[in-house]
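See structure below.
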Amino acid sequence: MGNRATIEVVSDNYTGKETPCYIYVHWSGSPDTVKKLVRNAAPNMRKSDVSYATARLIAEICNYVEGGLSVGVHPPTEQYKEEWDNGHYVIDISNGHIKNDGKFVDRGIEFGNF
């Protein structure tokens, strides 16, 4: 029961090329909601740093979701990739794309260049 998904932020320009965590959302995992959250956070998501960008996206999600539940962070391992409701989203800050289970959900997002 829910509208679950996991989200990771990646970048071709990031030195480590690894996401610091998977973001888990319980009720906010639909493609439309994820696109809205990413687009709202994008100006503050530092295009050159996955860790900073991830932190800003988490802040946006936490401000959107009411209460103390329904948002979490997990180690970036297969064990924690969401396979139920809405699957797993990958936000690539180097090219402005969002993919969900390998399929494009959104393109042309402008992330912060600072």
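Each chain of the structure tokens is named A, B, ... in the order shown, its residues numbered from 1; ligands are numbered from 1 in display order.
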Can you write out as JSON lines which residues of segment 5-24 of chain A fall within 10 Å of segment 55-61 of chain A, alongside each residue's closest atom pair and its distance in Å to one decimal, counting only C-alpha atoms and ordering rows by chain and ascending residue number?
```
{"residue": "A:Ile7", "atom": "CA", "partner": "A:Leu57", "partner_atom": "CA", "distance": 9.7}
{"residue": "A:Glu8", "atom": "CA", "partner": "A:Leu57", "partner_atom": "CA", "distance": 9.8}
{"residue": "A:Val9", "atom": "CA", "partner": "A:Leu57", "partner_atom": "CA", "distance": 8.9}
{"residue": "A:Pro20", "atom": "CA", "partner": "A:Ala55", "partner_atom": "CA", "distance": 9.5}
{"residue": "A:Cys21", "atom": "CA", "partner": "A:Ala55", "partner_atom": "CA", "distance": 9.8}
{"residue": "A:Ile23", "atom": "CA", "partner": "A:Ile58", "partner_atom": "CA", "distance": 7.3}
{"residue": "A:Tyr24", "atom": "CA", "partner": "A:Ile58", "partner_atom": "CA", "distance": 9.6}
```
Requested in this report: as number ranges by chain, list the residues of segment 10-74 of chain A assigned to strand (DSSP E) by DSSP on the backbone atoms of this structure.
Outcome: A: 10, 22-25, 71-74
Residues from last step as file, N, CA and C atoms, as a PDB file, in the first residue's frame:
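The resulting file, selection-v3.pdb, is reproduced below:
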```pdb
ATOM      1  N   VAL A  10      22.622  11.187  -9.877  1.00  0.00           N
ATOM      2  CA  VAL A  10      23.917  10.832 -10.456  1.00  0.00           C
ATOM      3  C   VAL A  10      24.393  11.963 -11.366  1.00  0.00           C
ATOM      4  N   TYR A  22      20.041   6.337  -1.610  1.00  0.00           N
ATOM      5  CA  TYR A  22      18.756   6.281  -2.294  1.00  0.00           C
ATOM      6  C   TYR A  22      17.751   6.978  -1.386  1.00  0.00           C
ATOM      7  N   ILE A  23      16.936   7.814  -1.975  1.00  0.00           N
ATOM      8  CA  ILE A  23      15.867   8.497  -1.250  1.00  0.00           C
ATOM      9  C   ILE A  23      14.616   7.636  -1.414  1.00  0.00           C
ATOM     10  N   TYR A  24      13.989   7.313  -0.301  1.00  0.00           N
ATOM     11  CA  TYR A  24      12.757   6.524  -0.330  1.00  0.00           C
ATOM     12  C   TYR A  24      11.569   7.432  -0.060  1.00  0.00           C
ATOM     13  N   VAL A  25      10.558   7.353  -0.903  1.00  0.00           N
ATOM     14  CA  VAL A  25       9.309   8.066  -0.662  1.00  0.00           C
ATOM     15  C   VAL A  25       8.175   7.048  -0.651  1.00  0.00           C
ATOM     16  N   VAL A  71       9.366   9.486   4.254  1.00  0.00           N
ATOM     17  CA  VAL A  71      10.602   9.829   3.543  1.00  0.00           C
ATOM     18  C   VAL A  71      11.754   9.177   4.294  1.00  0.00           C
ATOM     19  N   GLY A  72      12.665   8.556   3.555  1.00  0.00           N
ATOM     20  CA  GLY A  72      13.819   7.950   4.198  1.00  0.00           C
ATOM     21  C   GLY A  72      15.020   7.958   3.275  1.00  0.00           C
ATOM     22  N   VAL A  73      16.167   7.636   3.810  1.00  0.00           N
ATOM     23  CA  VAL A  73      17.378   7.462   3.015  1.00  0.00           C
ATOM     24  C   VAL A  73      17.975   6.097   3.345  1.00  0.00           C
ATOM     25  N   HIS A  74      18.505   5.473   2.312  1.00  0.00           N
ATOM     26  CA  HIS A  74      19.091   4.142   2.449  1.00  0.00           C
ATOM     27  C   HIS A  74      20.433   4.100   1.732  1.00  0.00           C
TER      28      HIS A  74
END
```
Query - Best match for closeness to Val90 of chain A among A:Asn44, A:Ser28, A:Thr54, A:Asn3, counting only C-alpha atoms - result: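 The shortest atom-to-atom distance to Val90 of chain A comes from A:Thr54.
Non-sequential neighbours of Gly102 of chain A (distance at most 12 Å, separation of 5 or more positions within a chain, only C-alpha atoms) are A:Gly87, A:His88, A:Tyr89, A:Val90, A:Ile91, A:Asp92, A:His97.
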Query raised in the report: Quick one: distance from atom CA of Trp84 of chain A to atom CA of Gly68 of chain A in Å, one decimal?
Result: 21.9 Å
Report task. To one decimal in Å, tell me the separation between atom CA of Pro43 of chain A and atom CA of Thr77 of chain A. Result ->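 For atom CA of Pro43 of chain A relative to atom CA of Thr77 of chain A, the distance reads 27.7 Å.
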Query raised in the report: Excluding same-chain residues fewer than 5 positions from Gly29 of chain A, what lies within 8 Å of it counting only C-alpha atoms, as a list of chain:residue names?
Result: A:Asn3, A:Arg4, A:Ala5, A:Thr6, A:Val34, A:Asp85, A:Asn86
Produce a file of the selected residues containing N, CA and C atoms, as a CSV table (one decimal), in the first residue's frame.
```csv
chain,number,residue,atom,x,y,z
A,3,ASN,N,2.4,4.7,-2.6
A,3,ASN,CA,2.8,5.3,-3.9
A,3,ASN,C,4.3,5.4,-3.9
A,4,ARG,N,5.0,4.3,-3.6
A,4,ARG,CA,6.4,4.2,-3.3
A,4,ARG,C,7.3,4.3,-4.5
A,5,ALA,N,8.5,4.8,-4.2
A,5,ALA,CA,9.6,4.8,-5.1
A,5,ALA,C,10.9,5.1,-4.4
A,6,THR,N,12.0,4.8,-5.1
A,6,THR,CA,13.3,5.2,-4.6
A,6,THR,C,13.9,6.2,-5.7
A,34,VAL,N,7.3,13.2,-8.7
A,34,VAL,CA,8.8,13.2,-8.7
A,34,VAL,C,9.3,14.3,-9.6
A,85,ASP,N,5.4,-0.1,-6.3
A,85,ASP,CA,4.6,0.8,-7.0
A,85,ASP,C,5.2,1.5,-8.2
A,86,ASN,N,6.1,2.4,-8.0
A,86,ASN,CA,6.7,3.3,-9.0
A,86,ASN,C,8.1,3.0,-9.4
```
Requested in this report: Point out the residue among A:Glu83, A:Asp101, A:Tyr64, A:His26 with the least atom-to-atom distance to Val38 of chain A, counting only C-alpha atoms.
Outcome: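 Of A:Glu83, A:Asp101, A:Tyr64, A:His26, the one nearest Val38 of chain A is A:Tyr64, counting only C-alpha atoms.
Excluding Asp106 of chain A itself and any same-chain residue fewer than 3 positions from it, the protein and nucleic acid residues within 9 Å of it, counting only C-alpha atoms, are Pro31, Lys35, Gly96, His97, Ile98, Lys99 and Ile109 of chain A.
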Report task. May I have the residues within 8 Å of Ser48 of chain A as a list in words, using only C-alpha atoms and disregarding those fewer than 6 positions away in the same chain? Result ->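 The residues that qualify are Ser11, Asn13, Tyr14, Ile93, Ser94, Asn113 and Phe114 of chain A.
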